Structures are given as C-alpha cells and as structure tokens.
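Everything below concerns the one structure shown next.
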Amino acid sequence: MDRPAWAPEGVDASRASPARMYDALLGGSHNFEVDRSAAEAAKRLVPDLPRLALSNRAFLRRAVRYLSDQGIRQFLDIGSGIPTAGNVHEAAHAIDPRIRVLYVDIDPVAVTHSRTILDGNEHADAIRADLRKPDELLAAAADTGLIDFTRPVGLLLVAVLHLLQDEEQPAEKVAALRESVSPGSYAAISHLTSALRPDDAARLGDHSANRSRVGIRFRDRPAIEAMFTGWELVEPGVVELPQWRPESERDLHESPGRSLGLAGVGYR
Ligand SMILES: C[S@@+](CC[C@H](N)C(=O)[O-])C[C@H]1O[C@@H](n2cnc3c(N)ncnc32)[C@H](O)[C@@H]1O
C-alpha cells in the first residue's frame, strides 16, 4: 500500500492504533483500513459508540472553557489525538488567543498532523512523548518553552488513561504530574468505565484485547476516582460524560445512565 502524504514514515499500517481508530469513529480521514475495520467491528458490538466519542469531545471542550474561565492560560493536553473538529487550541483561543496549548501524544500520526495544522501558530505546538514516562514528558514539554511550569497549568488527560494497563499504574502517573505542576493547576480527566454498562464494557474490552489489540481498560468508579487523589474535585465531581457541566441540549449525546465514560476536573 502506498503511504498517504499525511502518514509519517515508519507508521505500521497493518495494525490498528487507538488514535487512528478514534479518528475513524469521529469520521476523520487520518486512518487506515485496519483502523476503520476495527472501529466498525467495535460499532457492531456497541452501536452507539460514535455518540460516546462525541460526548467525550464535548466534555473536552467544556473543560477547556471552564478552565479558561478560571484563569488558566496554558494547557498541556496529554494523549491529545489526531486533530478533528473542535480542537483544544480552537476552544481556548475563542476565549483568549494568547492561551498556550501544547499537544502531547505517543502516536506519530497524531503529532505530525497536529504540527501540520499548527504551522505558524506561535501559541500552540505538538510533541511526541509517553505518559508512562512523566518525567521525560514534562522535561520535553518544558524544553518547548511554551509551558511555564512555575505557573498554573490545565492538564488534560482526556480518554487516554484507559489506554494504560494496570501494571503501568495510571493513577501513579497522574500523581507524578500533580507533583510537578504549580498550585492553582487543574486536571481534567475522562475515562472509559464499566460502572454503567458492564456487559457492553466487557464486550468492548474483549474486542480491544483480542481483535484490535489496542488494549483498553474499562475501569470501575473507585479506580477512576482514585486518579483524582490529591486533587480537590470541582462540582459536580466525577460524573457521566454528558453530566459534567452541560452547556446545552447539544451536549447530551448519551442518555442518563447510558454513558460509557466518567469525567471530572480536579484543582490543585
Ligand atoms: C482516544 S484518543 C483521545 C484524544 C483526545 N484526548 C480526545 O479525548 O478527544 C487517545 C490518545 O492517547 C494517545 N496515547 C495512548 N497512550 C499514550 C501514552 N502512553 N502517552 C501519550 N499518549 C498516549 C493515543 O495515541 C491517542 O491519540
């Protein structure tokens, strides 16, 4: 297969990636056949999966607006994904064009495409780094000169922590980030959960382990709440994705009691 222009050299087009599968679910065009067919197979198991993706993106934008309203002027978006409609820098710059946004992802397609769309934007950039190595990630973020770690940061960990396995200690990674950001910082987290639809969560978990091999961990509520240890939860706490400060009917992509994601925002 010819490598499309958007795909950086060395990308394995024979194996699905979480970033490209998510892009396929959102109707994006930066994905390969293997990603599309894995996303389609997952949709056959749980047909309302695209609503979940939309619900998660809507939470992300509301969290960015909320944090910007609280005075946050720099965002570190970890596991930022492939740019799609309504990106973090767009939501933030609608409030204040001087807000700085650093996108961080492990996936080369996500980083390359982010850099392409940010070309010439002096307030936003993208780097490749691994959440499982928070010290290296923070050092790389500081090296860009875009984020000033002596000032409050809005940490975005949206739909990424469920891609870390239990042995990779996701809550400890959040704690390491918390220790490195200044008081006044916030963390916005969303996470796939088994709390509300255990059968669908189990089906998708199996699919991700055995079919697409992207390894998604649907966690229960206590495990997700544990990620906020040391953060003061802002109202309404850890809730279903659409229930986190909905701004209009359009935010209610999933019905009450039907979301596959929990979300919350913590203050340091
Ligand atoms: C489902 S996407 C979420 C994108 C965006 N945050 C959102 O919620 O719309 C998860 C992203 O996390 C990235 N990711 C997975 N493991 C990672 C890691 N260890 N470090 C950094 N990024 C990671 C994937 O490449 C993917 O782009």
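Identifiers in this document derive from the order of the structure tokens: chains are assigned A, B, ..., residues are numbered from 1 separately in each chain, and ligands are numbered from 1 in order of occurrence.
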Around ligand 1, out to 8 Å and counting only C-alpha atoms and all ligand atoms, which residues are there? I want them as number ranges by chain. A: 17-22, 53, 56-57, 60, 77-82, 104-107, 110, 128-133, 156-161, 163-164, 190
Taking the DSSP secondary structure from the backbone, can you list the residues of stretch 63-100 of chain A that are strand (DSSP E), as a list in words? Gln74, Phe75, Leu76, Asp77, Ile78 and Arg100 of chain A
How would the residues just chosen look if you wrote them out with C-alpha atoms as a PDB file, in the first residue's frame?
ATOM      1  CA  GLN A  74      -1.672  27.262  29.377  1.00  0.00           C
ATOM      2  CA  PHE A  75      -2.814  23.735  28.597  1.00  0.00           C
ATOM      3  CA  LEU A  76      -0.840  20.523  28.460  1.00  0.00           C
ATOM      4  CA  ASP A  77      -3.047  18.111  26.503  1.00  0.00           C
ATOM      5  CA  ILE A  78      -1.665  14.598  27.017  1.00  0.00           C
ATOM      6  CA  ARG A 100      -0.742  28.450  25.077  1.00  0.00           C
TER       7      ARG A 100
END
I'd like the contact shell of A:Ser182 - 6 Å cut-off, only C-alpha atoms, skipping same-chain residues fewer than 5 positions apart - returned as a ChimeraX atom specification. /A:150-152
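Distance annotation: of A:Thr116, A:Ser208, A:Ser29, A:Ser68, the residue with the minimal separation from A:Val101 is A:Ser68; atom set is only C-alpha atoms.
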I'd like a table as a Markdown table: residues in stretch 91-207 of chain A with an atom no more than 12 Å from stretch 224-241 of chain A, each row giving the shortest atom pair and its distance in Å to one decimal, only C-alpha atoms counted, sorted by chain and rising residue number.
| residue | atom | partner | partner_atom | distance |
| --- | --- | --- | --- | --- |
| A:Leu155 | CA | A:Trp231 | CA | 11.9 |
| A:Leu157 | CA | A:Met227 | CA | 10.5 |
| A:Val158 | CA | A:Leu241 | CA | 10.8 |
| A:Ala159 | CA | A:Leu241 | CA | 10.9 |
| A:Leu161 | CA | A:Met227 | CA | 9.3 |
| A:His162 | CA | A:Ile224 | CA | 9.4 |
| A:Asp166 | CA | A:Ile224 | CA | 11.9 |
| A:Gln169 | CA | A:Met227 | CA | 10.0 |
| A:Pro170 | CA | A:Met227 | CA | 7.5 |
| A:Ala171 | CA | A:Met227 | CA | 4.6 |
| A:Glu172 | CA | A:Met227 | CA | 7.9 |
| A:Lys173 | CA | A:Met227 | CA | 8.9 |
| A:Val174 | CA | A:Met227 | CA | 6.5 |
| A:Ala175 | CA | A:Thr229 | CA | 7.5 |
| A:Ala176 | CA | A:Gly230 | CA | 10.8 |
| A:Leu177 | CA | A:Gly230 | CA | 11.1 |
| A:Arg178 | CA | A:Gly230 | CA | 7.9 |
| A:Glu179 | CA | A:Gly230 | CA | 9.3 |
| A:Val181 | CA | A:Trp231 | CA | 11.6 |
| A:Pro183 | CA | A:Trp231 | CA | 10.3 |
| A:Gly184 | CA | A:Trp231 | CA | 10.5 |
| A:Ser185 | CA | A:Trp231 | CA | 9.5 |
| A:Tyr186 | CA | A:Trp231 | CA | 8.0 |
| A:Ala187 | CA | A:Trp231 | CA | 8.0 |
| A:Ala188 | CA | A:Phe228 | CA | 9.4 |
| A:Ile189 | CA | A:Met227 | CA | 8.4 |
| A:Ser190 | CA | A:Leu241 | CA | 7.5 |
| A:His191 | CA | A:Ile224 | CA | 7.1 |
| A:Leu192 | CA | A:Ile224 | CA | 8.9 |
| A:Thr193 | CA | A:Ile224 | CA | 8.0 |
| A:Ser194 | CA | A:Ile224 | CA | 10.4 |
| A:Ala195 | CA | A:Glu240 | CA | 9.8 |
| A:Leu196 | CA | A:Glu240 | CA | 9.0 |
| A:Arg197 | CA | A:Glu240 | CA | 11.7 |
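Here the question is which of A:Gly154, A:Ala24, A:Arg221, A:Pro83 gets nearest to A:Arg65 using only C-alpha atoms, and that residue is A:Gly154.
The residue that comes closest to A:Arg98, out of A:Arg73, A:Arg44, A:Arg115, A:Arg268 and on the basis of only C-alpha atoms, is A:Arg73.
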Figure out the distance between atom CA of A:Arg203 and atom CA of A:Leu45, please, to one decimal in Å. 7.0 Å
